[in-house]
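In what follows, a single structure is set out as structure tokens and then discussed.
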Protein chains: 2
Amino acid sequence: MRIPNHIGIIPDGNRRWAEKKGFEKQDGYEYGLNPGLYFLKLAKEYGIQEVTYYGFTTDNCKRPKKQIESFVKACVDAINLIAKENVSLLVLGNTNSAMFPKELLKYTKRTTIGNGGTKVNFLVNYGWDWDLGNVESACTNRKSILESLHSKDISRIDLILRWGGRKRLSGFLPIQSVYSDIYTIDDMWPDFKAEQFHEAMIWYNHQDVTLGG
Amino acid sequence: MRIPNHIGIIPDGNRRWAEKKGFEKQDGYEYGLNPGLYFLKLAKEYGIQEVTYYGFTTDNCKRPKKQIESFVKACVDAINLIAKENVSLLVLGNTNSAMFPKELLKYTKRTTIGNGGTKVNFLVNYGWDWDLGNVESACTNRKSILESLHSKDISRIDLILRWGGRKRLSGFLPIQSVYSDIYTIDDMWPDFKAEQFHEAMIWYNHQDVTLGG
């Protein structure tokens with residue numbers, strides 16, 4: 001079976017899930033923590049080498065204050081859970097902003113935790129425009145463009161999994177995503193199940209990889 | 001009904017269609033011309049303001065010579081067909097390359113044809129890396145990034161339609177696509193039918209537009 005090296009995750013649908021349960025919208029985020037950890041364990045079993053989580057974006061910070069506080073807390077808590085695993089952890093986003101949680105600054109350089117292993121990237125206060133903000137006019141080939149990104153430590157993404165039914169990237173790493181296969185799961189992220197992962201792996205195995213060729 | 005302002009088209013599957021018919025791979029491209037024109041007429045009926053066709057890319061030029069000659073000819077022929085309609089036409093791609101057909105140079109500045117109307121952009125010898133090759137380090141906000149793209153005359157894309165079953169962007173205008181909804185049609189492009197367009201419009205009408213928010 002052909003396995004992706006690098007999976008990107010867009011864990012959407014927390015608010016819709018909460019509303020369906022009769023909770024307030026912002027109460028959905030904390031139910032995304034266990035799915036995130038479970039996903040990582042499954043990814044390790046499959047031998048996936050790199051996983052990137054779409055935490056929150058500068059775009060998301062236009063939402064009501066209650067929601068912002070809740071998704072920022074959920075990201076910090078998720079990263080603290082992941083930081084108990086054997087991983088090589090990088091938290092990436094615009095740190096020149098009050099929105100970036102100070103307690104995560106220590107992970108903004110890639111950090112080997114335990115025995116290391118799977119690279120885990122977690123986007124926090126990420127913006128696609130921020131990511132491109134260092135590209136120089138001298139960057140006229142792929143290598144130089146990739147190396148000038150704020151996200152240069154994040155490699156090309158083979159497969160993007162999005163929960164919550166939407167079929168779009170919502171600003172997720174536009175350059176690393178140029179050739180990614182994009183797989184949407186209709187269920188909301190807090191309803192993550194192992195079968196969804198397995199089905200995505202089977203689907204990916206049937207895609208060809210042409211890198212635009 | 002909420003109608004997209006700007007639709008991007010990835011007309012994939014010409015080679016697979018040809019093989020299924022017992023033709024040689026490269027013979028599929030010419031069967032994509034009439035679908036392209038028919039699509040434009042339907043788009044005008046719906047009041048779509050801008051349509052961008054993914055012609056061929058610098059990536060595609062790694063294919064066998066026979067195929068390259070065939071898809072270049074198909075693009076030239078398609079553009080000549082479109083240039084008989086009332087459109088505002090722009091052909092966009094890397095003209096500093098022998099791969100760019102000289103007969104299309106006249107359309108590399110937006111050209112009003114007949115009564116004008118629908119903006120039609122056709123990507124020819126386009127590369128996402130080429131597109132970003134002018135971004136300056138001074139471009140730290142969205143407006144300045146967008147204005148520094150080679151494709152700055154192409155606006156944000158609301159809906160991307162891809163024929164041929166693949167669920168990926170393959171380097172299609174990464175910046176204009178950051179918030180696009182992506183709809184895949186399993187049929188191959190030469191099998192384009194009006195129903196596919198109508199179904200995509202109904203699907204799009206049910207999506208929310210958050211622009212990442």
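FYI, nothing fancy with the structure tokens labels: chains A, B, ... in order, residues from 1 per chain, ligands from 1 as they appear.
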
Which of region 8-175 of chain A fall in strand (DSSP E or B), as a ChimeraX atom specification: /A:8-11,50-57,87-92,111-113,119-126,159-163,168

Give me the residues within 7 Å of Glu50 (chain A) as a CSV table (one decimal) with C-alpha atoms, in the first residue's frame, counting only C-alpha atoms and dropping any in the same chain fewer than 3 places off.
```csv
chain,number,residue,atom,x,y,z
A,5,ASN,CA,4.6,10.8,3.8
A,6,HIS,CA,2.9,13.9,5.0
A,7,ILE,CA,-0.7,14.4,6.0
A,118,THR,CA,7.0,11.6,13.6
A,119,LYS,CA,7.3,15.3,12.7
A,120,VAL,CA,4.3,17.1,14.1
```

Report the closest atom pair, with its distance in Å rounded to one decimal, for each residue of chain B that has an atom no farther than 9 Å from chain A; count only C-alpha atoms, sort by chain and then rising residue number, and write it as CSV.
```
residue,atom,partner,partner_atom,distance
B:Thr57,CA,A:Gly212,CA,8.1
B:Thr58,CA,A:Gly213,CA,8.5
B:Asp59,CA,A:Gly213,CA,4.9
B:Asn60,CA,A:Gly213,CA,4.6
B:Cys61,CA,A:Gly213,CA,7.4
B:Lys62,CA,A:Gly213,CA,6.3
B:Arg63,CA,A:Gly213,CA,6.9
B:Trp128,CA,A:Val178,CA,8.1
B:Asp129,CA,A:Arg142,CA,5.7
B:Trp130,CA,A:Thr140,CA,6.5
B:Asp131,CA,A:Thr140,CA,9.0
B:Leu132,CA,A:Thr140,CA,7.4
B:Gly133,CA,A:Thr140,CA,4.4
B:Asn134,CA,A:Ser137,CA,4.8
B:Val135,CA,A:Ser137,CA,5.2
B:Glu136,CA,A:Glu136,CA,4.6
B:Ser137,CA,A:Glu136,CA,4.8
B:Ala138,CA,A:Gly133,CA,7.4
B:Cys139,CA,A:Gly133,CA,5.8
B:Thr140,CA,A:Gly133,CA,4.4
B:Asn141,CA,A:Asp129,CA,6.1
B:Arg142,CA,A:Asp129,CA,5.7
B:Ile145,CA,A:Asp129,CA,7.3
B:Arg166,CA,A:Gln207,CA,7.7
B:Lys167,CA,A:Ile182,CA,5.4
B:Arg168,CA,A:Asp181,CA,4.9
B:Leu169,CA,A:Val178,CA,6.1
B:Ser170,CA,A:Tyr179,CA,4.7
B:Gly171,CA,A:Val178,CA,4.5
B:Phe172,CA,A:Val178,CA,7.4
B:Leu173,CA,A:Val178,CA,8.8
B:Pro174,CA,A:Pro174,CA,5.7
B:Ile175,CA,A:Pro174,CA,6.9
B:Ser177,CA,A:Leu169,CA,8.1
B:Val178,CA,A:Gly171,CA,4.5
B:Tyr179,CA,A:Ser170,CA,4.7
B:Ser180,CA,A:Arg168,CA,5.9
B:Asp181,CA,A:Arg168,CA,4.9
B:Ile182,CA,A:Lys167,CA,5.4
B:Tyr183,CA,A:Lys167,CA,7.1
B:Gln207,CA,A:Arg166,CA,7.7
B:Asp208,CA,A:Arg166,CA,9.0
B:Thr210,CA,A:Ser170,CA,8.7
B:Leu211,CA,A:Ser170,CA,6.9
B:Gly212,CA,A:Ser170,CA,5.0
B:Gly213,CA,A:Asn60,CA,4.6
```

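Between CA of His150 (chain B) and CA of Thr111 (chain B) the interatomic distance comes to 17.1 Å.
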
Selection near Lys41 (chain A), 12 Å with only C-alpha atoms, sequence-local residues under 2 positions removed, as a PyMOL selection string: chain A and resi 34-39+43-49+51+82+85-87+117-118+120+194+197

Could you pull the residues within 10 Å of Gln26 (chain A), counting only C-alpha atoms, minus those fewer than 6 positions along the same chain, as a CSV table (one decimal) with N, CA and C atoms, in the first residue's frame?
```
chain,number,residue,atom,x,y,z
A,14,ASN,N,-16.2,21.7,14.6
A,14,ASN,CA,-16.4,21.7,16.1
A,14,ASN,C,-17.6,22.5,16.5
A,15,ARG,N,-17.8,23.7,15.9
A,15,ARG,CA,-18.9,24.5,16.3
A,15,ARG,C,-20.3,23.9,15.9
A,16,ARG,N,-20.3,23.4,14.7
A,16,ARG,CA,-21.5,22.7,14.2
A,16,ARG,C,-21.9,21.5,15.1
A,18,ALA,N,-21.0,21.1,18.2
A,18,ALA,CA,-21.5,21.6,19.5
A,18,ALA,C,-23.0,22.0,19.4
A,19,GLU,N,-23.3,22.8,18.4
A,19,GLU,CA,-24.7,23.2,18.2
A,19,GLU,C,-25.7,22.1,18.2
A,64,PRO,N,-16.2,36.0,17.3
A,64,PRO,CA,-16.5,36.6,18.6
A,64,PRO,C,-15.5,36.1,19.6
A,65,LYS,N,-15.2,37.0,20.6
A,65,LYS,CA,-14.2,36.8,21.6
A,65,LYS,C,-14.3,35.5,22.3
A,66,LYS,N,-15.5,35.1,22.7
A,66,LYS,CA,-15.7,33.8,23.4
A,66,LYS,C,-15.1,32.6,22.6
A,67,GLN,N,-15.4,32.7,21.3
A,67,GLN,CA,-14.9,31.6,20.4
A,67,GLN,C,-13.4,31.6,20.3
A,68,ILE,N,-12.9,32.8,20.2
A,68,ILE,CA,-11.4,32.9,20.1
A,68,ILE,C,-10.7,32.4,21.3
A,69,GLU,N,-11.2,32.8,22.5
A,69,GLU,CA,-10.6,32.3,23.7
A,69,GLU,C,-10.6,30.8,23.7
A,70,SER,N,-11.8,30.2,23.3
A,70,SER,CA,-12.0,28.8,23.4
A,70,SER,C,-11.1,28.0,22.4
A,71,PHE,N,-10.9,28.5,21.1
A,71,PHE,CA,-10.1,27.8,20.2
A,71,PHE,C,-8.6,28.0,20.5
```

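Counting from CA of Leu105 (chain B), the distance to CA of Val76 (chain B) is 10.8 Å.
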
Helix (DSSP H, G or I) per DSSP on the backbone: members of region 7-212 of chain B, as a VMD selection string: chain B and resid 14 to 20 25 to 46 60 to 62 65 to 82 102 to 107 128 to 132 142 to 148 189 to 191 194 to 205

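Nearest residue to Asn96 (chain A), choosing from A:Asn205, A:Asn80, A:Asn125, A:Ser155 and counting only C-alpha atoms: A:Asn125.
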
Nearest-residue call for Asp27 (chain A), choices A:Lys73, A:Val124, A:Phe100, A:Asp158, using only C-alpha atoms: A:Lys73
